[in-house]
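Taking it in order: structure first as structure tokens, then the write-up.
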Amino acid sequence: IIRCLVERGALVKVFPMHVSIDEIIKFQPDGIMLSNGPGDPAAMPSSIELIKNILNLNIPVFGICLGHQLLALSLGLQTKKMFNGHRGINHPIKNLITGKCEVTSQNHGFVVTKESLSKNDDVEITHLHLNDDTVAGIRMKSKAVFSVQYHPEASPGPHDSRYLFDDFIT
């Protein structure tokens, strides 16, 4: 993720998981990347609250994998543990905005529930997993905030989704 951002000219600062919103504000970021990581997103209430505060800064936010799940929870959506998680490469994803399909790399055992999207009219699905019709991407309609369930930074792996970093920088 850092490499993909730096390749696009971004100055990147990595904050620890338990950073305060004041520390983030002090840095004056132009955008926030919510990175991947292991774990049950519902077991991270302090991260969910931090993301709610980040959203109030009105700067672009891009979430990947766990970052996607935590963003969804901060927006009032729900996640659930999958019976069989998505692991490995060659997972087909459809971008509902462009209509194009992408080959992706995935490694997760939780998913944002489609049913919970009715809880927030400001959130829409942007990407769907074509094997099981699960939510693979969301965005806010009112802010430059979006996220995906898969790994556009995968190396080695499919690079079909690297455009997401360009979208974030733009």
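By convention in this document, the chains of the structure tokens carry letters A, B, ... by their order, each chain's residues are numbered from 1, and ligands are numbered from 1 in the order they are shown.
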From a DSSP pass on the backbone, collect the residues of chain A flagged as strand (DSSP E) and hand them back as a PyMOL selection string. chain A and resi 32-34+61-64+79-95+101-112+123-129+135-140+145-148
So that I have them on file, write out the residues from the current selection with C-alpha atoms, as a PDB file, in the first residue's frame.
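Written file, again-v5.pdb:
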ATOM      1  CA  ILE A  32      -6.353   8.883   5.001  1.00  0.00           C
ATOM      2  CA  MET A  33      -5.706   5.274   3.976  1.00  0.00           C
ATOM      3  CA  LEU A  34      -7.355   2.672   6.200  1.00  0.00           C
ATOM      4  CA  VAL A  61     -10.562   8.236   2.804  1.00  0.00           C
ATOM      5  CA  PHE A  62      -9.681   4.937   1.110  1.00  0.00           C
ATOM      6  CA  GLY A  63     -10.071   1.633   2.950  1.00  0.00           C
ATOM      7  CA  ILE A  64      -8.675  -1.766   2.009  1.00  0.00           C
ATOM      8  CA  THR A  79     -20.172  -7.252   9.017  1.00  0.00           C
ATOM      9  CA  LYS A  80     -20.423 -11.002   9.447  1.00  0.00           C
ATOM     10  CA  LYS A  81     -18.008 -13.909   9.574  1.00  0.00           C
ATOM     11  CA  MET A  82     -18.033 -15.879   6.337  1.00  0.00           C
ATOM     12  CA  PHE A  83     -18.498 -19.645   6.351  1.00  0.00           C
ATOM     13  CA  ASN A  84     -15.599 -19.852   3.883  1.00  0.00           C
ATOM     14  CA  GLY A  85     -13.462 -16.754   3.540  1.00  0.00           C
ATOM     15  CA  HIS A  86     -11.999 -15.474   0.301  1.00  0.00           C
ATOM     16  CA  ARG A  87      -8.359 -16.535  -0.006  1.00  0.00           C
ATOM     17  CA  GLY A  88      -5.902 -16.308  -2.868  1.00  0.00           C
ATOM     18  CA  ILE A  89      -5.823 -14.766  -6.322  1.00  0.00           C
ATOM     19  CA  ASN A  90      -8.128 -14.744  -9.343  1.00  0.00           C
ATOM     20  CA  HIS A  91     -11.268 -13.605  -7.528  1.00  0.00           C
ATOM     21  CA  PRO A  92     -13.584 -11.915 -10.061  1.00  0.00           C
ATOM     22  CA  ILE A  93     -14.947  -8.530  -9.001  1.00  0.00           C
ATOM     23  CA  LYS A  94     -17.358  -6.361 -10.967  1.00  0.00           C
ATOM     24  CA  ASN A  95     -16.969  -2.597 -10.719  1.00  0.00           C
ATOM     25  CA  CYS A 101     -14.582  -6.861 -14.238  1.00  0.00           C
ATOM     26  CA  GLU A 102     -11.307  -7.107 -12.334  1.00  0.00           C
ATOM     27  CA  VAL A 103      -9.175 -10.040 -11.288  1.00  0.00           C
ATOM     28  CA  THR A 104      -8.279  -9.553  -7.620  1.00  0.00           C
ATOM     29  CA  SER A 105      -6.297 -10.975  -4.742  1.00  0.00           C
ATOM     30  CA  GLN A 106      -8.185 -11.559  -1.493  1.00  0.00           C
ATOM     31  CA  ASN A 107      -7.521 -12.705   2.059  1.00  0.00           C
ATOM     32  CA  HIS A 108     -10.414 -12.170   4.444  1.00  0.00           C
ATOM     33  CA  GLY A 109     -12.941 -14.036   6.536  1.00  0.00           C
ATOM     34  CA  PHE A 110     -15.453 -11.234   7.214  1.00  0.00           C
ATOM     35  CA  VAL A 111     -17.737  -9.385   4.813  1.00  0.00           C
ATOM     36  CA  VAL A 112     -19.994  -6.323   4.862  1.00  0.00           C
ATOM     37  CA  VAL A 123     -23.560   4.585   1.110  1.00  0.00           C
ATOM     38  CA  GLU A 124     -23.709   2.617  -2.122  1.00  0.00           C
ATOM     39  CA  ILE A 125     -22.166  -0.615  -3.359  1.00  0.00           C
ATOM     40  CA  THR A 126     -19.459  -0.012  -5.967  1.00  0.00           C
ATOM     41  CA  HIS A 127     -18.028  -3.529  -6.380  1.00  0.00           C
ATOM     42  CA  LEU A 128     -19.502  -7.040  -6.169  1.00  0.00           C
ATOM     43  CA  HIS A 129     -17.751 -10.397  -5.858  1.00  0.00           C
ATOM     44  CA  VAL A 135     -20.123  -6.692  -1.207  1.00  0.00           C
ATOM     45  CA  ALA A 136     -16.603  -5.999  -2.467  1.00  0.00           C
ATOM     46  CA  GLY A 137     -16.631  -2.193  -2.445  1.00  0.00           C
ATOM     47  CA  ILE A 138     -18.601   0.779  -1.147  1.00  0.00           C
ATOM     48  CA  ARG A 139     -18.499   4.556  -1.325  1.00  0.00           C
ATOM     49  CA  MET A 140     -20.198   7.473   0.328  1.00  0.00           C
ATOM     50  CA  VAL A 145     -14.773   8.134   0.878  1.00  0.00           C
ATOM     51  CA  PHE A 146     -14.539   4.654  -0.606  1.00  0.00           C
ATOM     52  CA  SER A 147     -13.241   1.194   0.182  1.00  0.00           C
ATOM     53  CA  VAL A 148     -12.750  -2.273  -1.245  1.00  0.00           C
TER      54      VAL A 148
END
Per DSSP on the backbone, filter region 32-148 of chain A down to the residues in helix (DSSP H, G or I) and report them as a count of residues only. 28
Spatial neighbours of Glu153 (chain A), max dist 9 Å, only C-alpha atoms, sep filter under 2 positions, as a compact mmCIF listing (two decimals) with all heavy atoms, in the first residue's frame:
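Full text of selection-v2.txt as output:
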# COMPACT_ATOMS: atom_id res chain seq x y z
N ILE A 1 0.84 -1.18 0.00
CA ILE A 1 0.00 0.00 0.00
C ILE A 1 0.88 1.24 0.00
O ILE A 1 0.64 2.17 -0.78
CB ILE A 1 -0.97 -0.01 1.21
CG1 ILE A 1 -1.98 -1.15 1.08
CG2 ILE A 1 -1.68 1.34 1.32
CD1 ILE A 1 -2.85 -1.36 2.30
N ILE A 2 1.87 1.25 0.87
CA ILE A 2 2.77 2.40 0.93
C ILE A 2 3.46 2.60 -0.42
O ILE A 2 3.52 3.71 -0.94
CB ILE A 2 3.80 2.24 2.07
CG1 ILE A 2 3.09 2.27 3.42
CG2 ILE A 2 4.87 3.32 1.98
CD1 ILE A 2 3.96 1.87 4.59
N ARG A 3 3.96 1.52 -1.00
CA ARG A 3 4.65 1.61 -2.29
C ARG A 3 3.72 2.19 -3.36
O ARG A 3 4.11 3.05 -4.15
CB ARG A 3 5.15 0.23 -2.72
CG ARG A 3 5.95 0.25 -4.01
CD ARG A 3 6.44 -1.13 -4.46
NE ARG A 3 6.98 -1.95 -3.40
CZ ARG A 3 6.40 -3.09 -2.96
NH1 ARG A 3 5.28 -3.52 -3.51
NH2 ARG A 3 6.95 -3.78 -2.00
N CYS A 4 2.49 1.72 -3.41
CA CYS A 4 1.53 2.21 -4.40
C CYS A 4 1.24 3.70 -4.22
O CYS A 4 1.05 4.42 -5.21
CB CYS A 4 0.23 1.42 -4.33
SG CYS A 4 0.39 -0.28 -4.95
N SER A 105 -6.89 -10.14 -5.78
CA SER A 105 -6.30 -10.97 -4.74
C SER A 105 -7.06 -10.69 -3.45
O SER A 105 -7.33 -9.52 -3.14
CB SER A 105 -4.82 -10.61 -4.60
OG SER A 105 -4.24 -11.32 -3.53
N TYR A 150 -10.94 -6.23 -1.22
CA TYR A 150 -9.81 -7.00 -1.75
C TYR A 150 -8.53 -6.18 -1.70
O TYR A 150 -8.49 -5.12 -1.06
CB TYR A 150 -10.13 -7.46 -3.18
CG TYR A 150 -10.61 -6.36 -4.09
CD1 TYR A 150 -9.71 -5.64 -4.87
CD2 TYR A 150 -11.95 -6.03 -4.17
CE1 TYR A 150 -10.15 -4.63 -5.71
CE2 TYR A 150 -12.40 -5.03 -5.00
CZ TYR A 150 -11.49 -4.33 -5.77
OH TYR A 150 -11.93 -3.32 -6.58
N HIS A 151 -7.47 -6.68 -2.34
CA HIS A 151 -6.14 -6.08 -2.22
C HIS A 151 -5.63 -5.55 -3.55
O HIS A 151 -4.96 -6.26 -4.29
CB HIS A 151 -5.16 -7.10 -1.65
CG HIS A 151 -5.46 -7.45 -0.23
ND1 HIS A 151 -4.97 -6.72 0.82
CD2 HIS A 151 -6.24 -8.42 0.30
CE1 HIS A 151 -5.42 -7.23 1.96
NE2 HIS A 151 -6.20 -8.26 1.66
N SER A 155 1.10 -7.91 -4.49
CA SER A 155 2.35 -8.11 -5.23
C SER A 155 3.00 -9.39 -4.75
O SER A 155 3.31 -9.49 -3.57
CB SER A 155 3.30 -6.95 -4.97
OG SER A 155 2.79 -5.76 -5.48
N PRO A 156 3.29 -10.38 -5.58
CA PRO A 156 2.82 -10.42 -6.95
C PRO A 156 1.34 -10.76 -6.95
O PRO A 156 0.82 -11.35 -6.02
CB PRO A 156 3.64 -11.53 -7.57
CG PRO A 156 3.93 -12.46 -6.45
CD PRO A 156 4.02 -11.59 -5.20
N GLY A 157 0.70 -10.39 -8.00
CA GLY A 157 -0.73 -10.67 -8.09
C GLY A 157 -1.37 -9.82 -9.15
O GLY A 157 -0.69 -9.07 -9.84
N PRO A 158 -2.66 -9.95 -9.30
CA PRO A 158 -3.36 -9.17 -10.31
C PRO A 158 -3.25 -7.68 -10.01
O PRO A 158 -3.32 -7.27 -8.86
CB PRO A 158 -4.81 -9.63 -10.16
CG PRO A 158 -4.81 -10.81 -9.27
CD PRO A 158 -3.53 -10.80 -8.51
N HIS A 159 -3.07 -6.89 -11.05
CA HIS A 159 -2.94 -5.44 -10.88
C HIS A 159 -4.11 -4.70 -11.51
O HIS A 159 -4.04 -3.49 -11.71
CB HIS A 159 -1.61 -4.95 -11.46
CG HIS A 159 -0.43 -5.50 -10.74
ND1 HIS A 159 0.84 -5.51 -11.28
CD2 HIS A 159 -0.30 -6.08 -9.52
CE1 HIS A 159 1.68 -6.07 -10.43
NE2 HIS A 159 1.01 -6.43 -9.36
N SER A 161 -6.73 -3.64 -10.35
CA SER A 161 -7.38 -2.66 -9.47
C SER A 161 -6.45 -1.55 -9.00
O SER A 161 -6.83 -0.77 -8.14
CB SER A 161 -7.97 -3.38 -8.25
OG SER A 161 -8.84 -4.40 -8.66
N ARG A 162 -5.27 -1.45 -9.55
CA ARG A 162 -4.34 -0.40 -9.12
C ARG A 162 -4.89 1.00 -9.38
O ARG A 162 -4.47 1.97 -8.76
CB ARG A 162 -2.98 -0.56 -9.81
CG ARG A 162 -2.19 -1.78 -9.36
CD ARG A 162 -1.48 -1.51 -8.04
NE ARG A 162 -0.92 -2.72 -7.48
CZ ARG A 162 0.36 -3.03 -7.49
NH1 ARG A 162 1.22 -2.25 -8.08
NH2 ARG A 162 0.76 -4.14 -6.93
N PHE A 165 -5.80 3.45 -6.47
CA PHE A 165 -4.83 4.36 -5.86
C PHE A 165 -4.82 5.68 -6.63
O PHE A 165 -4.72 6.75 -6.03
CB PHE A 165 -3.43 3.73 -5.82
CG PHE A 165 -3.33 2.60 -4.85
CD1 PHE A 165 -3.42 1.30 -5.27
CD2 PHE A 165 -3.19 2.85 -3.49
CE1 PHE A 165 -3.35 0.25 -4.36
CE2 PHE A 165 -3.12 1.81 -2.56
CZ PHE A 165 -3.21 0.51 -3.01
d(CA of Val6 (chain A), CA of Gly31 (chain A)) in Å: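 CA of Gly31 (chain A) lies 13.4 Å from CA of Val6 (chain A).
Distance annotation: of A:Thr170, A:Ile25, A:Val12, A:Gln78, the residue with the minimal separation from Ser118 (chain A) is A:Gln78; atom set is only C-alpha atoms.
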Would you please work out which residue, of A:Met44, A:Ala10, A:Leu5, A:Leu75, is nearest to Asn56 (chain A) when using only C-alpha atoms?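 Of the candidates, the smallest distance to Asn56 (chain A) is held by A:Leu75.
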I'd like to know which of A:Ser35, A:Asp30, A:Ser46, A:Phe168 is closest to Val14 (chain A), using only C-alpha atoms. A:Ser35
Given only C-alpha atoms as the counted atoms, nearest of A:Leu55, A:Ala42, A:Leu50, A:Leu66 to His18 (chain A): A:Leu50
What does the structure give for the distance between CA of Pro16 (chain A) and CA of Pro45 (chain A), in Å to one decimal? 15.4 Å
